[in-house]
>>> print(open('structure.txt').read())   # compact mmCIF, C-alpha atoms
# COMPACT_ATOMS: atom_id res chain seq x y z
CA MET B 1 19.75 25.06 -0.25
CA VAL B 2 16.25 26.34 -1.05
CA PRO B 3 15.47 30.07 -1.05
CA GLN B 4 13.07 30.92 1.77
CA ASP B 5 10.24 32.06 -0.46
CA CYS B 6 10.51 28.97 -2.69
CA LEU B 7 9.71 26.58 0.13
CA MET B 8 5.97 25.93 0.38
CA TYR B 9 5.77 23.18 2.97
CA VAL B 10 7.51 20.12 4.35
CA SER B 11 5.67 16.99 5.40
CA SER B 12 6.88 14.13 7.53
CA ASP B 13 7.17 10.67 5.99
CA GLY B 14 8.48 8.46 8.77
CA ASN B 15 12.21 9.05 9.11
CA TYR B 16 12.15 11.07 5.89
CA SER B 17 10.53 14.33 4.83
CA ASN B 18 8.92 15.53 1.64
CA VAL B 19 10.06 19.05 0.72
CA VAL B 20 7.53 20.77 -1.56
CA THR B 21 8.75 23.81 -3.44
CA LEU B 22 6.96 26.56 -5.32
CA ASP B 23 7.48 24.92 -8.70
CA GLY B 24 5.44 21.93 -7.58
CA GLN B 25 8.44 19.69 -7.11
CA VAL B 26 8.32 17.18 -4.28
CA THR B 27 11.70 16.03 -3.00
CA LEU B 28 12.13 13.22 -0.50
CA VAL B 29 15.03 14.01 1.83
CA SER B 30 16.60 11.79 4.49
CA LEU B 31 15.97 14.22 7.35
CA GLN B 32 13.32 14.03 10.02
CA LEU B 33 10.92 16.94 10.29
CA GLY B 34 12.52 18.03 13.58
CA GLN B 35 15.92 18.24 11.88
CA ILE B 36 14.46 20.39 9.10
CA GLU B 37 12.79 22.59 11.71
CA ASP B 38 16.18 23.04 13.38
CA LEU B 39 17.82 23.88 10.06
CA ILE B 40 15.21 26.53 9.28
CA GLY B 41 15.48 27.97 12.78
CA ASP B 42 19.30 28.05 12.66
CA GLN B 43 19.52 29.60 9.21
CA LEU B 44 16.70 32.12 9.45
CA GLY B 45 16.63 32.92 13.16
CA ASP B 46 13.80 35.34 13.89
CA ASN B 47 13.07 35.49 10.18
CA GLY B 48 12.02 31.88 10.49
CA GLY B 49 8.73 33.24 11.80
CA ASN B 50 7.32 32.77 8.32
CA PHE B 51 7.53 29.07 8.95
CA LEU B 52 5.27 27.25 11.35
CA ARG B 53 5.43 23.72 12.64
CA ILE B 54 1.90 22.34 12.75
CA GLY B 55 1.61 19.25 14.91
CA ARG B 56 3.96 16.37 14.31
CA THR B 57 3.66 16.13 10.57
CA ILE B 58 4.05 19.44 8.71
CA ILE B 59 5.99 22.69 8.47
CA ILE B 60 4.36 25.37 6.35
CA ASN B 61 5.37 28.69 4.87
CA THR B 62 2.65 31.05 6.13
CA ASP B 63 3.08 33.27 3.06
CA TYR B 64 1.19 30.67 1.03
CA ILE B 65 -1.78 30.06 3.31
CA PHE B 66 -4.86 30.32 1.12
CA LEU B 67 -7.59 28.74 3.25
CA ILE B 68 -7.97 27.45 6.80
CA ASP B 69 -11.13 25.38 7.23
CA VAL B 70 -11.14 24.36 10.88
CA ALA B 71 -14.41 22.40 10.70
CA LYS B 72 -13.28 20.25 7.79
CA GLN B 73 -9.68 20.07 9.03
CA ARG B 74 -8.40 21.49 5.73
CA LEU B 75 -5.46 23.77 5.17
CA VAL B 76 -4.92 24.92 1.58
CA LEU B 77 -1.61 26.41 0.49
CA SER B 78 -1.47 28.16 -2.86
CA ASP B 79 0.89 30.36 -4.82
CA CYS B 80 -2.14 31.61 -6.83
CA LYS B 81 -0.22 30.67 -9.96
CA GLY B 82 -1.44 27.13 -10.40
CA HIS B 83 0.13 25.28 -7.51
CA SER B 84 -2.09 24.50 -4.59
CA TYR B 85 -1.88 21.83 -1.94
CA GLU B 86 -4.50 20.61 0.46
CA LEU B 87 -3.17 19.51 3.83
CA THR B 88 -4.87 18.08 6.88
CA ALA B 89 -4.25 18.93 10.52
CA SER B 90 -6.15 18.63 13.77
CA ARG B 91 -8.98 21.07 14.47
CA GLU B 92 -7.16 22.42 17.53
CA ALA B 93 -3.98 23.11 15.58
CA LEU B 94 -5.89 24.79 12.75
CA ALA B 95 -7.82 26.93 15.24
CA LYS B 96 -4.49 28.03 16.76
CA LEU B 97 -3.06 28.68 13.31
CA LYS B 98 -6.08 30.82 12.44
CA ALA B 99 -5.69 32.78 15.70
CA TYR B 100 -2.01 33.26 14.99
CA ILE B 101 -2.60 34.51 11.45
CA GLU B 102 -5.34 36.85 12.68
CA SER B 103 -3.03 38.19 15.39
CA THR B 104 -0.23 38.92 12.91
CA ILE B 105 -2.65 40.68 10.57
CA HIS B 106 -3.87 42.79 13.50
CA ILE B 107 -0.33 43.79 14.43
CA GLU B 108 0.56 44.80 10.92
CA ARG B 109 -2.42 47.14 10.52
CA MET A 110 17.48 18.12 17.29
CA LYS A 111 13.81 18.38 18.05
CA SER A 112 12.16 15.00 18.00
CA LEU A 113 8.75 14.40 16.49
CA ASP A 114 7.43 13.84 20.00
CA ASP A 115 8.16 17.28 21.42
CA ILE A 116 5.07 18.74 19.81
CA ARG A 117 1.56 17.41 19.92
CA ASP A 118 -0.76 17.22 16.93
CA ASP A 119 -2.93 19.95 18.43
CA GLU A 120 -0.04 22.40 18.79
CA ILE A 121 1.67 24.82 16.45
CA ARG A 122 5.10 26.36 16.85
CA VAL A 123 6.59 29.44 15.24
CA ILE A 124 10.01 28.41 13.98
CA GLY A 125 12.87 30.54 15.28
CA LYS A 126 10.92 31.54 18.41
CA GLN A 127 11.30 29.87 21.78
CA ASP A 128 7.80 28.85 22.70
CA SER A 129 4.84 27.18 21.12
CA PHE A 130 2.21 29.67 20.01
CA ASN A 131 -0.41 30.42 22.62
CA ALA A 132 -3.68 31.25 20.91
CA ASP A 133 -5.05 33.03 23.97
CA ALA A 134 -2.00 35.25 24.36
CA ALA A 135 -2.14 36.19 20.69
CA ALA A 136 -5.36 38.14 21.04
CA PRO A 137 -4.25 41.71 21.93
CA SER A 138 -7.72 42.64 23.11
CA MET A 139 -7.30 40.28 26.02
CA VAL A 140 -4.36 42.21 27.49
CA ASN A 141 -5.40 45.15 29.64
CA GLU A 142 -3.64 48.48 30.02
CA ALA A 143 -1.76 47.43 33.14
CA GLY A 144 -0.32 44.62 31.14
CA GLN A 145 -2.25 42.00 33.02
CA ASN A 146 -3.80 39.19 31.16
CA GLY A 147 -7.53 39.81 30.94
CA THR A 148 -8.36 36.19 31.65
CA GLY A 149 -8.09 36.74 35.40
CA ARG A 150 -10.52 39.68 35.37
CA ARG A 151 -13.01 37.73 33.34
CA ARG A 152 -13.13 35.06 36.02
CA TRP A 153 -14.94 37.33 38.51
CA PRO A 154 -18.34 37.32 36.78
CA VAL A 155 -18.07 33.54 36.43
CA ILE A 156 -17.27 33.14 40.13
CA LEU A 157 -20.14 35.50 41.05
CA VAL A 158 -22.64 33.58 38.92
CA ALA A 159 -21.39 30.27 40.35
CA ALA A 160 -21.76 31.58 43.92
CA LEU A 161 -25.32 32.77 43.23
CA ALA A 162 -26.18 29.42 41.68
CA CYS A 163 -24.80 27.58 44.73
CA ALA A 164 -26.85 29.79 47.08
CA ALA A 165 -30.02 29.17 45.04
CA LEU A 166 -29.35 25.42 45.05
CA ALA A 167 -28.84 25.42 48.82
CA ALA A 168 -32.12 27.34 49.34
CA LEU A 169 -33.94 24.86 47.11
CA LEU A 170 -32.55 21.92 49.08
CA VAL A 171 -33.61 23.48 52.42
CA TRP A 172 -37.12 24.10 51.06
CA LEU A 173 -37.43 20.55 49.70
CA LEU A 174 -36.36 19.02 53.02
CA HIS A 175 -38.69 21.14 55.18
CA ARG A 176 -41.76 21.60 53.01
CA PRO A 177 -45.09 20.32 54.46
CA ALA A 178 -46.37 17.04 53.09
CA GLU A 179 -48.99 17.60 50.45
CA SER A 180 -52.22 15.69 50.28
CA PRO A 181 -52.54 13.50 47.19
CA GLU A 182 -55.28 15.74 45.83
CA ASN A 183 -52.97 18.73 45.85
CA VAL A 184 -50.02 17.03 44.21
CA PRO A 185 -49.67 18.37 40.72
CA VAL A 186 -49.36 15.50 38.28
CA VAL A 187 -48.14 15.54 34.76
CA TYR A 188 -49.80 12.78 32.77
CA GLU A 189 -48.12 11.18 29.80
CA PRO A 190 -50.29 11.10 26.70
CA GLU A 191 -52.06 7.77 26.58
CA ASN A 192 -51.52 6.97 22.93
CA VAL A 193 -47.78 7.16 22.76
CA VAL A 194 -46.55 5.68 19.50
CA PRO A 195 -43.03 4.33 19.82
CA ALA A 196 -40.62 5.85 17.36
CA GLU A 197 -39.79 3.69 14.39
CA PRO A 198 -36.27 2.33 14.60
CA ARG A 199 -34.00 4.29 12.32
CA ALA A 200 -32.35 1.09 11.16
CA ASP A 201 -35.36 0.42 8.93
CA GLU A 202 -34.96 3.68 7.09
CA PRO A 203 -33.18 3.26 3.78
CA LEU A 204 -29.88 5.04 3.50
CA ALA A 205 -29.80 7.95 1.11
CA LEU A 206 -27.26 7.53 -1.66
CA LEU A 207 -24.10 9.53 -1.20
CA GLY A 208 -23.45 10.13 -4.88
CA ASP A 209 -25.18 12.32 -7.46
CA TYR A 210 -26.47 10.00 -10.17
CA SER A 211 -28.14 12.62 -12.37
CA ASP A 212 -25.54 12.33 -15.13
CA THR A 213 -25.99 8.92 -16.72
CA THR A 214 -23.57 9.23 -19.63
CA LYS A 215 -20.24 10.75 -18.70
CA ALA A 216 -17.63 8.57 -17.02
CA TYR A 217 -16.12 10.42 -14.08
CA THR A 218 -15.33 10.17 -10.38
CA GLU A 219 -17.29 12.13 -7.83
CA HIS A 220 -15.17 13.29 -4.91
CA LEU A 221 -16.83 14.01 -1.57
CA ARG A 222 -15.40 14.98 1.79
CA ASP A 223 -16.80 14.06 5.15
CA SER A 224 -15.69 13.79 8.74
CA ILE A 225 -16.84 10.85 10.88
CA ASN A 226 -15.81 10.59 14.54
CA ASP A 227 -13.31 13.40 13.86
CA ILE A 228 -11.69 11.31 11.12
CA PRO A 229 -11.51 13.36 7.91
CA LEU A 230 -12.48 11.17 4.97
CA ASP A 231 -12.22 11.40 1.20
CA ILE A 232 -14.99 9.50 -0.56
CA TYR A 233 -14.71 8.59 -4.23
CA ILE A 234 -17.71 7.42 -6.26
CA PRO A 235 -17.06 6.30 -9.85
CA HIS A 236 -19.90 7.01 -12.29
CA ASN A 237 -20.79 5.42 -15.63
CA ALA A 238 -17.57 3.40 -15.73
CA THR A 239 -16.57 -0.25 -15.63
CA PRO A 240 -14.59 -1.67 -12.72
CA ARG A 241 -11.59 -3.90 -13.31
CA LEU A 242 -8.27 -4.96 -11.87
CA PHE A 243 -5.02 -3.99 -13.54
CA ILE A 244 -1.45 -5.18 -13.06
CA GLY A 245 1.23 -2.54 -13.56
CA THR A 246 1.53 1.17 -12.92
CA PRO A 247 -1.29 3.06 -14.66
CA ALA A 248 -0.15 5.87 -16.93
CA LEU A 249 -1.44 9.33 -16.14
CA ASP A 250 -2.23 10.00 -19.80
CA ASP A 251 -4.54 7.00 -20.09
CA LYS A 252 -7.71 9.06 -20.17
CA LYS A 253 -9.95 6.00 -20.11
CA VAL A 254 -9.04 5.49 -16.47
CA ILE A 255 -11.28 7.63 -14.27
CA PHE A 256 -10.19 6.10 -10.97
CA THR A 257 -7.30 3.93 -9.88
CA THR A 258 -5.86 2.91 -6.53
CA GLN A 259 -3.68 0.02 -5.45
CA ALA A 260 -5.68 -3.08 -4.49
CA ALA A 261 -3.95 -6.23 -3.19
CA ASP A 262 -0.77 -6.29 -1.12
CA ILE A 263 2.55 -7.49 -2.49
CA ARG A 264 4.53 -10.15 -0.65
CA ALA A 265 7.88 -8.93 0.65
CA ASP A 266 9.57 -12.32 0.13
CA ASN A 267 8.85 -13.04 -3.52
CA GLY A 268 7.20 -9.88 -4.84
CA LYS A 269 4.00 -11.71 -5.79
CA ILE A 270 0.44 -10.78 -4.94
CA THR A 271 -0.79 -11.77 -1.48
CA GLY A 272 -3.80 -14.09 -1.62
CA ALA A 273 -5.94 -15.19 -4.53
CA PHE A 274 -6.01 -12.86 -7.50
CA VAL A 275 -7.86 -13.26 -10.79
CA LEU A 276 -7.20 -10.93 -13.71
CA ALA A 277 -9.74 -11.01 -16.56
CA GLY A 278 -10.57 -14.65 -15.84
CA LYS A 279 -6.97 -15.80 -15.41
CA PRO A 280 -5.82 -16.81 -11.92
CA VAL A 281 -2.55 -15.04 -11.12
CA THR A 282 -2.14 -16.26 -7.53
CA TRP A 283 -3.99 -18.64 -5.25
CA GLY A 284 -4.41 -18.92 -1.53
CA LEU A 285 -6.21 -17.50 1.47
CA SER A 286 -4.11 -15.08 3.42
CA LYS A 287 -6.80 -12.53 4.16
CA LYS A 288 -10.49 -13.19 4.54
CA GLY A 289 -11.81 -10.08 2.84
CA TYR A 290 -12.55 -10.39 -0.85
CA CYS A 291 -13.65 -8.24 -3.77
CA GLY A 292 -15.07 -9.85 -6.87
CA ILE A 293 -15.96 -8.12 -10.13
CA ILE A 294 -18.37 -10.22 -12.18
CA ASP A 295 -20.01 -8.76 -15.29
CA GLY A 296 -19.08 -5.27 -14.16
CA LYS A 297 -20.62 -5.65 -10.71
CA VAL A 298 -18.44 -5.21 -7.64
CA THR A 299 -19.11 -7.46 -4.66
CA VAL A 300 -17.31 -6.92 -1.37
CA GLY A 301 -17.46 -9.48 1.42
CA VAL A 302 -15.77 -11.61 4.03
CA ALA A 303 -15.42 -15.41 3.68
CA ASP A 304 -12.85 -18.18 3.74
CA ASP A 305 -14.21 -19.63 0.53
CA SER A 306 -15.94 -17.41 -1.95
CA PRO A 307 -17.63 -18.78 -5.08
CA LEU A 308 -16.71 -15.51 -6.73
CA PHE A 309 -13.14 -16.78 -7.26
CA GLU A 310 -14.37 -19.60 -9.51
CA LYS A 311 -17.02 -17.39 -11.07
CA ALA A 312 -14.38 -14.79 -11.94
CA THR A 313 -12.32 -17.48 -13.70
CA GLU A 314 -15.37 -18.70 -15.59
CA THR A 315 -16.70 -15.33 -16.70
CA GLY A 316 -13.55 -13.34 -17.37
CA GLY A 317 -14.01 -11.45 -14.14
CA TYR A 318 -11.69 -10.21 -11.42
CA PHE A 319 -11.02 -11.17 -7.82
CA PHE A 320 -8.61 -10.20 -5.05
CA ARG A 321 -8.25 -10.54 -1.31
CA GLN A 322 -7.49 -8.00 1.41
CA TYR A 323 -8.01 -7.40 5.13
CA PRO A 324 -11.72 -7.47 6.04
CA LEU A 325 -12.95 -4.31 7.77
CA VAL A 326 -16.75 -4.53 7.91
CA ASP A 327 -18.79 -7.73 7.56
CA ASN A 328 -22.56 -7.17 7.26
CA GLY A 329 -22.37 -4.06 9.41
CA THR A 330 -20.09 -5.67 12.01
CA LEU A 331 -16.59 -4.42 12.70
CA VAL A 332 -13.84 -6.95 11.96
CA GLU A 333 -10.72 -6.64 14.10
CA ASN A 334 -7.36 -7.02 12.37
CA GLU A 335 -3.93 -7.88 13.65
CA PRO A 336 -1.84 -4.86 12.51
CA LYS A 337 -2.20 -2.21 15.23
CA GLY A 338 -0.26 0.70 13.78
CA LYS A 339 -1.71 3.88 12.29
CA ALA A 340 -1.54 4.91 8.66
CA ILE A 341 -3.64 6.49 5.96
CA ARG A 342 -6.38 3.91 5.48
CA LYS A 343 -8.24 3.06 2.28
CA ALA A 344 -11.16 0.74 1.60
CA VAL A 345 -13.57 -0.34 -1.07
CA CYS A 346 -17.02 -0.38 0.47
CA ASP A 347 -20.59 -1.43 -0.20
CA ARG A 348 -22.96 1.11 1.28
CA ALA A 349 -26.53 -0.03 0.65
CA GLY A 350 -25.54 -1.23 -2.81
CA GLU A 351 -23.50 1.86 -3.62
CA ILE A 352 -19.84 1.02 -4.24
CA ILE A 353 -17.57 3.72 -2.83
CA ILE A 354 -13.88 4.07 -2.08
CA VAL A 355 -13.11 5.72 1.23
CA MET A 356 -9.71 7.05 2.34
CA THR A 357 -8.67 8.79 5.53
CA ARG A 358 -6.71 12.01 5.32
CA THR A 359 -5.04 11.30 8.65
CA ASN A 360 -3.24 8.27 10.07
CA GLU A 361 -5.77 5.96 11.71
CA SER A 362 -5.89 2.48 13.20
CA PHE A 363 -7.78 -0.32 11.47
CA HIS A 364 -10.30 -0.31 14.30
CA ASP A 365 -11.10 3.42 14.16
CA PHE A 366 -11.27 3.34 10.38
CA ALA A 367 -13.66 0.37 10.34
CA GLN A 368 -15.83 2.05 12.98
CA ALA A 369 -15.96 5.24 10.91
CA LEU A 370 -17.06 3.18 7.89
CA ILE A 371 -19.84 1.58 9.92
CA ASP A 372 -20.96 5.00 11.13
CA LEU A 373 -20.97 6.13 7.51
CA GLY A 374 -23.49 3.37 6.82
CA VAL A 375 -21.16 0.90 5.13
CA SER A 376 -22.33 -2.71 5.35
CA ASN A 377 -19.29 -4.46 3.83
CA ALA A 378 -15.77 -3.18 3.36
CA ILE A 379 -12.31 -4.52 2.74
CA TYR A 380 -9.00 -2.75 2.93
CA LEU A 381 -6.95 -1.47 -0.01
CA VAL A 382 -3.21 -0.81 -0.05
CA GLY A 383 -2.92 2.13 2.34
CA SER A 384 -0.49 4.88 3.21
CA THR A 385 0.60 7.06 0.28
CA SER A 386 0.19 4.32 -2.32
CA TYR A 387 -0.26 5.53 -5.86
CA GLY A 388 -3.65 6.55 -7.19
CA TYR A 389 -5.51 9.18 -9.15
CA PHE A 390 -8.97 10.09 -10.45
CA ARG A 391 -10.68 12.22 -13.09
CA ASP A 392 -13.63 14.41 -12.18
CA LYS A 393 -16.60 15.41 -14.33
CA TYR A 394 -14.61 18.32 -15.75
CA ASP A 395 -11.88 15.88 -16.94
CA GLN A 396 -9.56 17.33 -14.32
CA LEU A 397 -6.92 14.80 -13.29
CA SER A 398 -6.15 14.72 -9.57
CA ILE A 399 -3.39 12.61 -8.13
CA ILE A 400 -4.46 11.18 -4.79
CA TYR A 401 -0.91 10.16 -3.95
CA ASP A 402 2.04 10.04 -6.31
CA LYS A 403 4.28 7.73 -4.34
CA GLN A 404 5.23 5.03 -6.83
CA ARG A 405 7.18 2.30 -5.13
CA GLY A 406 8.70 1.14 -8.42
CA GLY A 407 10.21 -2.20 -9.24
CA GLN A 408 7.11 -4.13 -8.20
CA LEU A 409 6.31 -6.58 -10.97
CA TYR A 410 2.86 -7.27 -9.56
CA GLU A 411 1.75 -3.77 -8.53
CA ASN A 412 -1.99 -4.04 -9.02
CA HIS A 413 -4.84 -1.58 -9.09
CA LEU A 414 -8.58 -1.46 -8.64
CA GLN A 415 -9.75 0.76 -11.47
CA TRP A 416 -12.83 2.15 -13.13
CA VAL A 417 -12.52 2.74 -16.88
CA GLU A 418 -14.90 4.26 -19.36
>>> encode(input="structure.txt", output="structure tokens")
Amino acid sequence: MVPQDCLMYVSSDGNYSNVVTLDGQVTLVSLQLGQIEDLIGDQLGDNGGNFLRIGRTIIINTDYIFLIDVAKQRLVLSDCKGHSYELTASREALAKLKAYIESTIHIER
Amino acid sequence: MKSLDDIRDDEIRVIGKQDSFNADAAAPSMVNEAGQNGTGRRRWPVILVAALACAALAALLVWLLHRPAESPENVPVVYEPENVVPAEPRADEPLALLGDYSDTTKAYTEHLRDSINDIPLDIYIPHNATPRLFIGTPALDDKKVIFTTQAADIRADNGKITGAFVLAGKPVTWGLSKKGYCGIIDGKVTVGVADDSPLFEKATETGGYFFRQYPLVDNGTLVENEPKGKAIRKAVCDRAGEIIIVMTRTNESFHDFAQALIDLGVSNAIYLVGSTSYGYFRDKYDQLSIIYDKQRGGQLYENHLQWVE
């Protein structure tokens, strides 16, 4: 059981997944990414909105998005305390992610 | 359970919500006061412009078909300049070096990013360091190592290195299983494709290094390989004499990776152990960066291509 705000991202590794937590620890678990997505959805319900599935390979915690570089296909997650991770996704997915983040910022204003 | 296949790589999905995120629907400015999606209203100007363009095209066609024949004297003619010099073929132009070679003393690895044919690439260029092969798992605190990545494959049946391998002049394994080779003789890296390479013998005679891997690019020509799956791909490459290590950040086929290397200007390249195999580098600020930290463990002959100061 990982507290919601401690989970930074989860990446797919075949039939396994790498769970990356805020302390920089990477844990290989024997669950597929879809199973982890279901677990997050079941446990958090609408609060799971902090978590996004991006394509077939990653789930991210949107609280830690630091940079979205669509052109270079880079997504940087950071806790601004020394842990940062650079991920890669398709341009289309990153463009949609950027639009989503911008839309949530607009709503909150 | 959701399978990996129920979402495409170009989609995102908010977890806990029913539908995939629609980027168009997320923009509030596109929803009008009546609650209708603004996309439909925006189509009218497009349709109007298209209709006007069609009408203009039809008028032009009618005029072209019914215009009176012009006498040759009245036909306006555009002459090409007489002294047209054909453009020089770009292939003759020397390739600019990718790396920054201004610092000639400090041993470090330059890390560049590029994207070729939509394939995001990491490019590593070791500077002022000596290449070598190494058997074992390199320690992170060995500060002499400025770049390391796994080199030759390990056989699943006996755990030994696949193909010929020479370590500091001593042959460790023999045999031709893959036609690509990398030889390190007197600190110079040579990458090529051949059944028999004199570099194997030369490495044994001079205390050099040698290993074999899948060939990817042979004198600028793509080499097809049998494995057809997709994975993170890595290669050691010769680009106009500049030795670089290139890795994809996304899963790619051998074919697409080799084509991207050719488009990058690489003349010769062979594969390195791919996927999330272990590797790290040190930059010019002595910052250690782990490329991938997946150590398979238990492999007696885990071997690395390294640059050391």
>>> closest_residue(input="structure.txt", among="B:Asp23, B:Asp63, B:Asp38, B:Asp79", to="chain A", atoms="all atoms listed in the file")
B:Asp38
>>> closest_atom_pairs(input="structure.txt", of="chain B", to="chain A", cutoff="6 Å", atoms="all atoms listed in the file", output="CSV")
residue,atom,partner,partner_atom,distance
B:Gly34,CA,A:Lys111,CA,4.7
B:Gln35,CA,A:Met110,CA,5.6
B:Gly41,CA,A:Gly125,CA,4.4
B:Gly45,CA,A:Gly125,CA,4.9
B:Asp46,CA,A:Gly125,CA,5.1
B:Gly48,CA,A:Gly125,CA,5.0
B:Gly49,CA,A:Ile124,CA,5.5
B:Phe51,CA,A:Ile124,CA,5.6
B:Leu52,CA,A:Val123,CA,4.7
B:Arg53,CA,A:Arg122,CA,5.0
B:Ile54,CA,A:Ile121,CA,4.5
B:Gly55,CA,A:Asp118,CA,3.7
B:Arg56,CA,A:Asp118,CA,5.5
B:Ser90,CA,A:Asp119,CA,5.8
B:Glu92,CA,A:Asp119,CA,5.0
B:Ala93,CA,A:Asp119,CA,4.4
B:Lys96,CA,A:Ala132,CA,5.3
B:Ala99,CA,A:Ala132,CA,5.8
B:Ser103,CA,A:Ala135,CA,5.7
>>> atom_distance(input="structure.txt", atom1="CA of Val26 in chain B", atom2="CA of Val76 in chain B")
16.4 Å
>>> residues_around(input="structure.txt", residues="Val300 in chain A", least_positions_apart="5", cutoff="8 Å", atoms="only C-alpha atoms", output="ChimeraX atom specification")
/A:289-292,345-347,377-379
>>> residues_around(input="structure.txt", residues="Ser30 in chain B", least_positions_apart="6", cutoff="7 Å", atoms="only C-alpha atoms", output="list of chain:residue names")
B:Asn15, B:Tyr16, B:Ser17
>>> closest_residue(input="structure.txt", among="B:Tyr9, B:Asn50, B:Leu44, B:Lys98", to="Asp69 in chain B", atoms="only C-alpha atoms")
B:Lys98
>>> atom_distance(input="structure.txt", atom1="CA of Phe256 in chain A", atom2="CA of Phe320 in chain A")
17.4 Å
>>> atom_distance(input="structure.txt", atom1="CA of Asn237 in chain A", atom2="CA of Tyr389 in chain A")
17.0 Å
>>> residues_around(input="structure.txt", residues="Ser12 in chain B", least_positions_apart="5", cutoff="7 Å", atoms="all atoms listed in the file", output="list in words")
Ser17, Asn18, Gln32, Leu33, Thr57 and Ile58 of chain B
>>> residues_around(input="structure.txt", residues="Asp295 in chain A", least_positions_apart="4", cutoff="12 Å", atoms="all atoms listed in the file", output="ChimeraX atom specification")
/A:239-241,277-278,299,308,311-319
>>> residues_near_point(input="structure.txt", point="(-0.8, -1.2, -9.2)", cutoff="6 Å", atoms="all atoms listed in the file", output="PyMOL selection string")
chain A and resi 244-246+259+411-413
>>> residues_near_point(input="structure.txt", point="(-10.3, 1.1, -15.7)", cutoff="10 Å", atoms="all atoms listed in the file", output="mmCIF file with C-alpha atoms, in the frame of the given file")
data_model
loop_
_atom_site.group_PDB
_atom_site.id
_atom_site.type_symbol
_atom_site.label_atom_id
_atom_site.label_comp_id
_atom_site.auth_asym_id
_atom_site.auth_seq_id
_atom_site.Cartn_x
_atom_site.Cartn_y
_atom_site.Cartn_z
ATOM 1 C CA ALA A 238 -17.570 3.400 -15.730
ATOM 2 C CA THR A 239 -16.570 -0.250 -15.630
ATOM 3 C CA PRO A 240 -14.590 -1.670 -12.720
ATOM 4 C CA ARG A 241 -11.590 -3.900 -13.310
ATOM 5 C CA LEU A 242 -8.270 -4.960 -11.870
ATOM 6 C CA PHE A 243 -5.020 -3.990 -13.540
ATOM 7 C CA PRO A 247 -1.290 3.060 -14.660
ATOM 8 C CA ASP A 251 -4.540 7.000 -20.090
ATOM 9 C CA LYS A 252 -7.710 9.060 -20.170
ATOM 10 C CA LYS A 253 -9.950 6.000 -20.110
ATOM 11 C CA VAL A 254 -9.040 5.490 -16.470
ATOM 12 C CA ILE A 255 -11.280 7.630 -14.270
ATOM 13 C CA PHE A 256 -10.190 6.100 -10.970
ATOM 14 C CA THR A 257 -7.300 3.930 -9.880
ATOM 15 C CA HIS A 413 -4.840 -1.580 -9.090
ATOM 16 C CA LEU A 414 -8.580 -1.460 -8.640
ATOM 17 C CA GLN A 415 -9.750 0.760 -11.470
ATOM 18 C CA TRP A 416 -12.830 2.150 -13.130
ATOM 19 C CA VAL A 417 -12.520 2.740 -16.880
ATOM 20 C CA GLU A 418 -14.900 4.260 -19.360
#
>>> closest_residue(input="structure.txt", among="A:Leu169, A:Asp395, A:Pro324, A:Tyr410", to="Thr218 in chain A", atoms="only C-alpha atoms")
A:Asp395
>>> residues_around(input="structure.txt", residues="Val19 in chain B", least_positions_apart="6", cutoff="12 Å", atoms="only C-alpha atoms", output="number ranges by chain")
B: 1-2, 6-13, 25-33, 36-37, 58-61
